[in-house]
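Coordinates from target.pdb are shown below (PDB, C-alpha atoms).
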```pdb
ATOM      1  CA  MET L   1     325.636 190.647 225.037
ATOM      2  CA  ARG L   2     326.254 194.365 225.557
ATOM      3  CA  LEU L   3     328.534 196.246 223.181
ATOM      4  CA  VAL L   4     331.246 196.630 225.816
ATOM      5  CA  GLU L   5     331.306 192.840 226.363
ATOM      6  CA  MET L   6     331.462 192.144 222.645
ATOM      7  CA  GLU L   7     334.310 194.622 222.248
ATOM      8  CA  LEU L   8     336.107 193.207 225.242
ATOM      9  CA  ALA L   9     335.904 189.667 223.859
ATOM     10  CA  LYS L  10     337.163 190.932 220.491
ATOM     11  CA  GLU L  11     340.081 192.861 221.987
ATOM     12  CA  LEU L  12     341.151 189.927 224.134
ATOM     13  CA  LYS L  13     341.078 187.681 221.092
ATOM     14  CA  GLU L  14     342.926 190.024 218.741
ATOM     15  CA  ASN L  15     345.644 191.374 221.019
ATOM     16  CA  GLN L  16     348.323 189.549 222.964
ATOM     17  CA  VAL L  17     348.687 192.129 225.717
ATOM     18  CA  VAL L  18     345.763 194.314 226.721
ATOM     19  CA  LEU L  19     345.634 197.079 229.317
ATOM     20  CA  LEU L  20     342.134 197.582 230.702
ATOM     21  CA  LEU L  21     341.534 200.995 232.207
ATOM     22  CA  VAL L  22     338.724 200.673 234.697
ATOM     23  CA  GLU L  23     336.789 203.163 236.786
ATOM     24  CA  GLY L  24     336.360 202.201 240.424
ATOM     25  CA  LEU L  25     332.610 201.565 240.268
ATOM     26  CA  GLU L  26     332.893 199.274 237.231
ATOM     27  CA  TYR L  27     335.835 197.333 238.508
ATOM     28  CA  ASN L  28     334.099 194.327 240.128
ATOM     29  CA  ASP L  29     331.677 193.955 237.257
ATOM     30  CA  LEU L  30     334.454 194.063 234.680
ATOM     31  CA  SER L  31     336.651 191.532 236.468
ATOM     32  CA  LEU L  32     333.716 189.084 236.407
ATOM     33  CA  LYS L  33     333.207 189.713 232.670
ATOM     34  CA  VAL L  34     336.871 189.022 231.939
ATOM     35  CA  ALA L  35     336.765 185.893 234.108
ATOM     36  CA  ARG L  36     333.692 184.622 232.233
ATOM     37  CA  GLU L  37     335.543 185.194 228.970
ATOM     38  CA  LEU L  38     338.847 183.590 229.933
ATOM     39  CA  PHE L  39     338.426 181.100 232.766
ATOM     40  CA  GLY L  40     337.852 178.149 230.454
ATOM     41  CA  LYS L  41     341.480 178.561 229.418
ATOM     42  CA  LYS L  42     344.630 177.968 231.458
ATOM     43  CA  VAL L  43     344.932 181.186 233.427
ATOM     44  CA  CYS L  44     347.335 182.604 235.999
ATOM     45  CA  TYR L  45     345.505 185.302 237.994
ATOM     46  CA  VAL L  46     347.757 187.659 239.920
ATOM     47  CA  THR L  47     345.921 189.433 242.711
ATOM     48  CA  LEU L  48     347.234 192.395 244.659
ATOM     49  CA  ASN L  49     343.977 193.604 246.183
ATOM     50  CA  LYS L  50     341.872 190.575 247.104
ATOM     51  CA  THR L  51     342.972 187.545 249.068
ATOM     52  CA  CYS L  52     342.845 184.217 247.269
ATOM     53  CA  PRO L  53     339.949 182.858 249.410
ATOM     54  CA  SER L  54     338.062 186.102 248.798
ATOM     55  CA  ILE L  55     338.515 185.974 245.036
ATOM     56  CA  LEU L  56     337.533 182.285 244.924
ATOM     57  CA  GLU L  57     334.404 183.160 246.899
ATOM     58  CA  THR L  58     333.552 185.997 244.498
ATOM     59  CA  PHE L  59     333.856 183.779 241.414
ATOM     60  CA  SER L  60     332.005 180.930 243.069
ATOM     61  CA  LYS L  61     329.086 183.262 243.977
ATOM     62  CA  ALA L  62     329.019 184.433 240.356
ATOM     63  CA  LYS L  63     328.982 180.769 239.279
ATOM     64  CA  ILE L  64     332.266 181.142 237.409
ATOM     65  CA  LYS L  65     334.351 177.971 237.428
ATOM     66  CA  SER L  66     337.990 178.582 238.268
ATOM     67  CA  ASP L  67     339.321 175.017 238.028
ATOM     68  CA  ASN L  68     341.831 175.978 235.329
ATOM     69  CA  VAL L  69     343.030 179.035 237.190
ATOM     70  CA  LYS L  70     346.129 179.262 239.333
ATOM     71  CA  PHE L  71     346.075 182.298 241.611
ATOM     72  CA  VAL L  72     349.159 184.209 242.643
ATOM     73  CA  ASP L  73     348.216 186.033 245.826
ATOM     74  CA  ALA L  74     350.653 188.791 246.699
ATOM     75  CA  ILE L  75     348.555 190.377 249.427
ATOM     76  CA  SER L  76     347.511 187.776 252.033
ATOM     77  CA  LYS L  77     350.907 187.403 253.680
ATOM     78  CA  THR L  78     351.164 191.165 254.105
ATOM     79  CA  ILE L  79     347.902 191.229 256.022
ATOM     80  CA  THR L  80     347.804 187.985 257.956
ATOM     81  CA  GLY L  81     351.492 187.177 258.041
ATOM     82  CA  LYS L  82     350.746 183.545 257.244
ATOM     83  CA  ALA L  83     349.340 181.708 254.256
ATOM     84  CA  LYS L  84     350.324 178.318 252.898
ATOM     85  CA  ASP L  85     350.433 177.499 249.200
ATOM     86  CA  THR L  86     347.589 175.311 247.957
ATOM     87  CA  ASP L  87     346.885 173.565 244.641
ATOM     88  CA  SER L  88     345.075 176.650 243.396
ATOM     89  CA  CYS L  89     347.014 179.386 245.108
ATOM     90  CA  LEU L  90     350.608 180.492 245.357
ATOM     91  CA  TYR L  91     351.281 183.069 248.073
ATOM     92  CA  LEU L  92     353.995 185.699 247.685
ATOM     93  CA  SER L  93     355.540 187.730 250.492
ATOM     94  CA  SER L  94     354.336 191.192 249.462
ATOM     95  CA  PRO L  95     352.906 193.167 246.536
ATOM     96  CA  GLY L  96     356.089 195.209 246.634
ATOM     97  CA  ALA L  97     358.327 192.158 246.096
ATOM     98  CA  LEU L  98     358.682 192.780 242.373
ATOM     99  CA  THR L  99     361.486 190.275 241.808
ATOM    100  CA  GLU L 100     359.487 187.504 243.518
ATOM    101  CA  LEU L 101     356.436 188.503 241.511
ATOM    102  CA  SER L 102     358.400 188.508 238.271
ATOM    103  CA  ILE L 103     359.904 185.048 238.973
ATOM    104  CA  ALA L 104     356.479 183.602 239.839
ATOM    105  CA  ILE L 105     354.822 184.965 236.689
ATOM    106  CA  SER L 106     357.737 183.859 234.513
ATOM    107  CA  GLU L 107     357.174 180.281 235.689
ATOM    108  CA  PHE L 108     353.599 180.380 234.410
ATOM    109  CA  ILE L 109     354.768 181.819 231.097
ATOM    110  CA  LYS L 110     357.345 179.010 230.806
ATOM    111  CA  LYS L 111     354.639 176.445 231.575
ATOM    112  CA  GLY L 112     352.698 177.728 228.592
ATOM    113  CA  TYR L 113     349.699 179.232 230.377
ATOM    114  CA  ASP L 114     347.216 180.786 227.965
ATOM    115  CA  TYR L 115     346.617 183.966 229.968
ATOM    116  CA  ILE L 116     348.099 186.058 232.735
ATOM    117  CA  ILE L 117     345.577 188.374 234.404
ATOM    118  CA  PHE L 118     347.279 191.068 236.448
ATOM    119  CA  ASP L 119     344.973 192.691 238.991
ATOM    120  CA  SER L 120     346.123 195.431 239.197
ATOM    121  CA  LEU L 121     348.992 197.609 238.055
ATOM    122  CA  THR L 122     347.858 200.572 240.104
ATOM    123  CA  ASN L 123     348.086 198.595 243.365
ATOM    124  CA  LEU L 124     351.820 198.190 242.782
ATOM    125  CA  LEU L 125     352.269 201.926 243.184
ATOM    126  CA  ILE L 126     351.337 201.737 246.864
ATOM    127  CA  TYR L 127     354.519 199.780 247.534
ATOM    128  CA  GLN L 128     356.944 200.876 244.880
ATOM    129  CA  GLY L 129     357.817 204.076 243.037
ATOM    130  CA  LYS L 130     356.804 204.740 239.429
ATOM    131  CA  GLY L 131     360.324 203.953 238.177
ATOM    132  CA  PRO L 132     360.635 200.377 239.512
ATOM    133  CA  VAL L 133     356.994 199.625 238.626
ATOM    134  CA  ALA L 134     357.412 200.873 235.048
ATOM    135  CA  LYS L 135     360.600 198.802 234.683
ATOM    136  CA  PHE L 136     358.831 195.729 236.110
ATOM    137  CA  VAL L 137     355.932 196.161 233.675
ATOM    138  CA  ALA L 138     358.230 196.657 230.680
ATOM    139  CA  ASN L 139     360.276 193.538 231.550
ATOM    140  CA  LEU L 140     357.178 191.454 232.185
ATOM    141  CA  ILE L 141     355.558 192.457 228.908
ATOM    142  CA  THR L 142     358.801 191.715 227.046
ATOM    143  CA  LYS L 143     358.760 188.168 228.511
ATOM    144  CA  ILE L 144     355.095 187.730 227.605
ATOM    145  CA  LYS L 145     355.657 188.928 224.049
ATOM    146  CA  ALA L 146     358.458 186.411 223.599
ATOM    147  CA  SER L 147     355.969 183.646 224.447
ATOM    148  CA  LYS L 148     352.547 182.510 223.312
ATOM    149  CA  THR L 149     350.953 183.569 226.589
ATOM    150  CA  ARG L 150     348.497 186.425 226.447
ATOM    151  CA  ALA L 151     347.973 188.975 229.202
ATOM    152  CA  VAL L 152     345.396 191.326 230.601
ATOM    153  CA  PHE L 153     346.507 194.103 232.925
ATOM    154  CA  TYR L 154     343.966 196.014 234.979
ATOM    155  CA  ALA L 155     344.632 199.598 235.965
ATOM    156  CA  LEU L 156     342.315 201.905 237.851
ATOM    157  CA  LYS L 157     341.613 205.035 235.872
ATOM    158  CA  VAL L 158     342.652 207.717 238.331
ATOM    159  CA  ASP L 159     344.571 210.920 237.669
ATOM    160  CA  GLN L 160     347.372 210.168 240.107
ATOM    161  CA  HIS L 161     348.331 207.058 238.097
ATOM    162  CA  GLN L 162     348.286 208.668 234.650
ATOM    163  CA  GLU L 163     352.057 208.587 234.314
ATOM    164  CA  LEU L 164     352.274 204.811 234.866
ATOM    165  CA  ILE L 165     349.297 204.195 232.597
ATOM    166  CA  GLN L 166     350.965 206.211 229.828
ATOM    167  CA  GLU L 167     354.212 204.340 230.317
ATOM    168  CA  ALA L 168     352.488 200.932 230.281
ATOM    169  CA  SER L 169     350.474 201.964 227.218
ATOM    170  CA  MET L 170     353.696 202.082 225.187
ATOM    171  CA  PHE L 171     354.354 198.370 225.739
ATOM    172  CA  VAL L 172     350.911 196.794 225.421
ATOM    173  CA  ASP L 173     349.173 195.986 222.126
ATOM    174  CA  LYS L 174     345.929 197.668 223.038
ATOM    175  CA  VAL L 175     344.620 199.991 225.716
ATOM    176  CA  VAL L 176     340.914 199.543 226.339
ATOM    177  CA  ASP L 177     339.263 202.331 228.280
ATOM    178  CA  THR L 178     336.151 200.605 229.595
ATOM    179  CA  SER L 179     334.518 203.880 230.631
ATOM    180  CA  LYS L 180     334.216 205.070 227.020
TER     181      LYS L 180
ATOM    182  CA  MET H   1     338.038 215.957 276.993
ATOM    183  CA  PRO H   2     337.548 215.025 273.336
ATOM    184  CA  LYS H   3     338.498 211.497 272.347
ATOM    185  CA  THR H   4     341.616 211.294 270.199
ATOM    186  CA  ILE H   5     341.717 209.388 266.921
ATOM    187  CA  MET H   6     344.854 208.691 264.925
ATOM    188  CA  VAL H   7     344.275 208.299 261.177
ATOM    189  CA  VAL H   8     347.096 206.373 259.506
ATOM    190  CA  ASP H   9     346.796 206.305 255.736
ATOM    191  CA  ASP H  10     349.207 206.945 252.874
ATOM    192  CA  GLU H  11     346.470 208.600 250.820
ATOM    193  CA  PRO H  12     346.352 212.342 251.598
ATOM    194  CA  ASP H  13     342.688 212.594 250.518
ATOM    195  CA  ILE H  14     341.595 209.932 253.003
ATOM    196  CA  ARG H  15     343.590 211.509 255.844
ATOM    197  CA  ALA H  16     342.202 214.964 255.122
ATOM    198  CA  THR H  17     338.577 213.852 254.680
ATOM    199  CA  VAL H  18     338.461 211.624 257.735
ATOM    200  CA  LYS H  19     340.227 214.270 259.840
ATOM    201  CA  THR H  20     337.765 216.989 258.818
ATOM    202  CA  VAL H  21     334.697 214.849 259.408
ATOM    203  CA  LEU H  22     335.842 213.471 262.753
ATOM    204  CA  GLU H  23     336.843 216.931 263.982
ATOM    205  CA  LYS H  24     333.366 218.211 263.073
ATOM    206  CA  ASN H  25     332.028 215.432 265.261
ATOM    207  CA  GLY H  26     334.043 216.550 268.258
ATOM    208  CA  PHE H  27     337.082 214.294 268.021
ATOM    209  CA  LYS H  28     340.695 215.380 268.239
ATOM    210  CA  VAL H  29     342.501 213.925 265.214
ATOM    211  CA  ILE H  30     346.161 213.146 264.667
ATOM    212  CA  THR H  31     347.342 211.881 261.292
ATOM    213  CA  ALA H  32     350.249 209.705 260.206
ATOM    214  CA  VAL H  33     351.363 208.912 256.674
ATOM    215  CA  ASN H  34     352.444 205.298 257.264
ATOM    216  CA  GLY H  35     353.117 202.705 259.949
ATOM    217  CA  ASP H  36     356.535 204.038 260.855
ATOM    218  CA  ASP H  37     355.180 207.566 261.235
ATOM    219  CA  CYS H  38     352.382 206.121 263.386
ATOM    220  CA  LEU H  39     354.845 204.405 265.759
ATOM    221  CA  ASP H  40     356.873 207.588 265.933
ATOM    222  CA  LYS H  41     353.840 209.701 266.858
ATOM    223  CA  LEU H  42     352.662 207.129 269.419
ATOM    224  CA  LYS H  43     355.743 207.972 271.487
ATOM    225  CA  LYS H  44     354.075 211.284 272.333
ATOM    226  CA  GLU H  45     350.359 210.632 271.760
ATOM    227  CA  LYS H  46     347.927 208.138 273.298
ATOM    228  CA  PRO H  47     344.945 208.002 270.917
ATOM    229  CA  ASP H  48     341.712 206.282 271.959
ATOM    230  CA  LEU H  49     341.499 204.630 268.549
ATOM    231  CA  ILE H  50     343.812 204.196 265.589
ATOM    232  CA  LEU H  51     342.301 203.963 262.095
ATOM    233  CA  LEU H  52     345.015 202.045 260.300
ATOM    234  CA  ASP H  53     345.156 201.514 256.551
ATOM    235  CA  ILE H  54     346.154 197.928 255.915
ATOM    236  CA  MET H  55     348.038 198.578 252.652
ATOM    237  CA  MET H  56     350.731 201.198 252.946
ATOM    238  CA  PRO H  57     354.315 201.733 251.831
ATOM    239  CA  GLY H  58     357.070 201.209 254.392
ATOM    240  CA  THR H  59     357.066 198.638 257.177
ATOM    241  CA  PRO H  60     354.194 196.168 256.648
ATOM    242  CA  VAL H  61     351.171 196.601 258.905
ATOM    243  CA  LYS H  62     351.575 193.055 260.266
ATOM    244  CA  GLU H  63     354.886 194.211 261.798
ATOM    245  CA  ILE H  64     353.460 197.509 263.052
ATOM    246  CA  VAL H  65     350.389 196.121 264.856
ATOM    247  CA  PRO H  66     352.262 194.095 267.532
ATOM    248  CA  LYS H  67     354.094 197.289 268.532
ATOM    249  CA  ILE H  68     350.844 199.151 269.217
ATOM    250  CA  LYS H  69     349.087 198.833 272.569
ATOM    251  CA  GLY H  70     345.863 200.721 271.821
ATOM    252  CA  LYS H  71     342.706 199.871 269.870
ATOM    253  CA  ILE H  72     343.047 199.571 266.103
ATOM    254  CA  ALA H  73     340.365 199.611 263.401
ATOM    255  CA  TYR H  74     341.673 198.516 260.030
ATOM    256  CA  LEU H  75     340.802 200.573 256.973
ATOM    257  CA  THR H  76     341.189 198.429 253.918
ATOM    258  CA  VAL H  77     340.723 198.374 250.202
ATOM    259  CA  VAL H  78     341.743 194.700 250.192
ATOM    260  CA  ARG H  79     338.844 192.256 249.882
ATOM    261  CA  VAL H  80     338.887 189.433 252.400
ATOM    262  CA  THR H  81     336.379 186.730 253.322
ATOM    263  CA  GLU H  82     334.291 186.866 256.501
ATOM    264  CA  ALA H  83     336.395 184.006 257.903
ATOM    265  CA  GLU H  84     339.613 185.934 257.254
ATOM    266  CA  LYS H  85     338.068 189.027 258.819
ATOM    267  CA  GLU H  86     337.144 187.068 261.959
ATOM    268  CA  GLN H  87     340.660 185.673 262.095
ATOM    269  CA  LEU H  88     342.128 189.187 261.967
ATOM    270  CA  LEU H  89     339.719 190.403 264.642
ATOM    271  CA  LYS H  90     340.990 187.701 267.020
ATOM    272  CA  ASN H  91     344.068 189.861 267.539
ATOM    273  CA  LYS H  92     343.232 191.672 270.785
ATOM    274  CA  ASN H  93     344.192 195.098 269.399
ATOM    275  CA  ILE H  94     342.015 194.870 266.309
ATOM    276  CA  VAL H  95     338.496 196.040 267.069
ATOM    277  CA  ASP H  96     337.011 196.659 263.637
ATOM    278  CA  PHE H  97     337.548 196.100 259.935
ATOM    279  CA  ILE H  98     336.290 198.940 257.760
ATOM    280  CA  GLN H  99     336.107 198.277 254.036
ATOM    281  CA  LYS H 100     337.021 201.084 251.610
ATOM    282  CA  PRO H 101     335.291 202.879 250.042
ATOM    283  CA  PHE H 102     333.360 203.570 253.242
ATOM    284  CA  ASP H 103     330.337 205.702 253.906
ATOM    285  CA  ILE H 104     331.615 208.611 255.963
ATOM    286  CA  ASN H 105     328.519 208.673 258.234
ATOM    287  CA  ASP H 106     328.946 204.977 258.904
ATOM    288  CA  LEU H 107     332.603 205.569 259.740
ATOM    289  CA  VAL H 108     331.666 208.280 262.263
ATOM    290  CA  LYS H 109     329.077 205.972 263.866
ATOM    291  CA  ARG H 110     331.625 203.195 264.183
ATOM    292  CA  VAL H 111     334.287 205.494 265.603
ATOM    293  CA  LYS H 112     331.796 206.812 268.183
ATOM    294  CA  LYS H 113     330.852 203.273 269.176
ATOM    295  CA  LEU H 114     334.460 202.103 269.381
ATOM    296  CA  THR H 115     335.482 205.030 271.587
ATOM    297  CA  ALA H 116     332.372 205.116 273.801
TER     298      ALA H 116
END
```

Just give me the structure of the file as structure tokens.
Amino acid sequence: MRLVEMELAKELKENQVVLLLVEGLEYNDLSLKVARELFGKKVCYVTLNKTCPSILETFSKAKIKSDNVKFVDAISKTITGKAKDTDSCLYLSSPGALTELSIAISEFIKKGYDYIIFDSLTNLLIYQGKGPVAKFVANLITKIKASKTRAVFYALKVDQHQELIQEASMFVDKVVDTSK
Amino acid sequence: MPKTIMVVDDEPDIRATVKTVLEKNGFKVITAVNGDDCLDKLKKEKPDLILLDIMMPGTPVKEIVPKIKGKIAYLTVVRVTEAEKEQLLKNKNIVDFIQKPFDINDLVKRVKKLTA
């Protein structure tokens, strides 16, 4: 196991809420590493940049079992206009529907899921301003911290999103910059 | 007469880069910052192809597309399956699905083919 994987496993184990700062080229690789680490547990995976069928295909190709994972897909309906909920996937109306997103995630926290994976914070900024996104993140992390659920937030490490990353950094237990 | 391409993307870098490269390749390029701006500009312009980012602020793309009569190639950072891609391409306006990040030479080739 490479050092970065060992550190990642350690950070996920020791901290309840982790923010993973990822560079674009490493992003796919890292999301597979996190999935390998966590998918044996009860996980809610929130996706804002890959459709549910696409993400299932990616994990299946990488031979990662996702039987314990419930996906919350906030992007498909925006693109195709239609998507019906399945056993493994809950479809939301839009990545910008922060209230809907918050309600959906809260349900998984209430149900005692082990992990929430949020992929990714930076995608939210396409649809909403920094203010509402920062408020959404702060509220969500407060709910997570009041529970036993753990969470991993992805954020792309790009200059234009520094302000949100800094804001989110104040609420999480650990910021892991995977490029370092 | 040069072919006209409309680049609709909320990211200024993408609009600027694609505009510069397509203009160097002999196209006339119009840009729009989102779907609503695109519809507004289409009242005056009749582009041969619209390069439309699938994820933008404002009115969702799924509501913009039915209001457009011309050819559209989606630009997208969103990962979809081949089956989903085929489903999207069944819409008569949608002629291509270009995954970001794209190779700029490949984009030019595709734009040339789609406007030939």

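In terms of minimum interatomic distance to chain H, L:Ala83 ranks closest within L:Ala83, L:Ala151, L:Cys89, L:Val22, counting all atoms listed in the file.
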
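With only C-alpha atoms taken into account, chain H has Ile54, Met56, Pro57, Pro60, Val61, Lys62, Val78, Arg79, Val80 and Thr81 of chain H at most 7 Å from chain L.
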
- Message: With the PyMOL selection byres ((chain L and resi 63-72) around 10) as the selection, what would be picked from this file? Answer as a count of residues only, please.
- Response: 47

- Item | Residues matched by the PyMOL selection byres ((chain H and resi 21) around 12) as a PyMOL selection string | chain H and resi 5+7+14-20+22-29+103-109+111

- Message: As a check of understanding, name the residues that the PyMOL selection byres ((chain H and resi 72) around 12) selects in the supplied structure, as JSON, numbers by chain.
- Response: {"H": [5, 6, 7, 8, 38, 47, 48, 49, 50, 51, 52, 53, 54, 61, 64, 65, 66, 67, 68, 69, 70, 71, 73, 74, 75, 88, 89, 91, 92, 93, 94, 95, 96, 97, 98, 111, 114, 115]}

- What does the distance from CA of Val172 in chain L to CA of Val17 in chain L come to in Å, to one decimal? 5.2 Å

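The smallest atom-to-atom distance between Lys145 in chain L and any of L:Ile109, L:Ala9, L:Val133, L:Ile103, using only C-alpha atoms, is found for L:Ile109.
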
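Taking CA of Lys130 in chain L and CA of Gln166 in chain L as endpoints, the distance between them is 11.3 Å.
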
Box centre and edge lengths (Å, one decimal), axis-aligned, range 115-126 of chain L plus 5 Å each side, as lines of an AutoDock Vina configuration file:
```
center_x = 348.6
center_y = 192.9
center_z = 238.4
size_x = 17.3
size_y = 28.0
size_z = 26.9
```

- Note on the structure: If you count all atoms listed in the file, the residue of L:Glu23, L:Glu7, L:Glu107, L:Asp29 closest to Asp159 in chain L turns out to be L:Glu23

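We find CA of Gln162 in chain L and CA of Thr178 in chain L to be spaced 15.4 Å apart.
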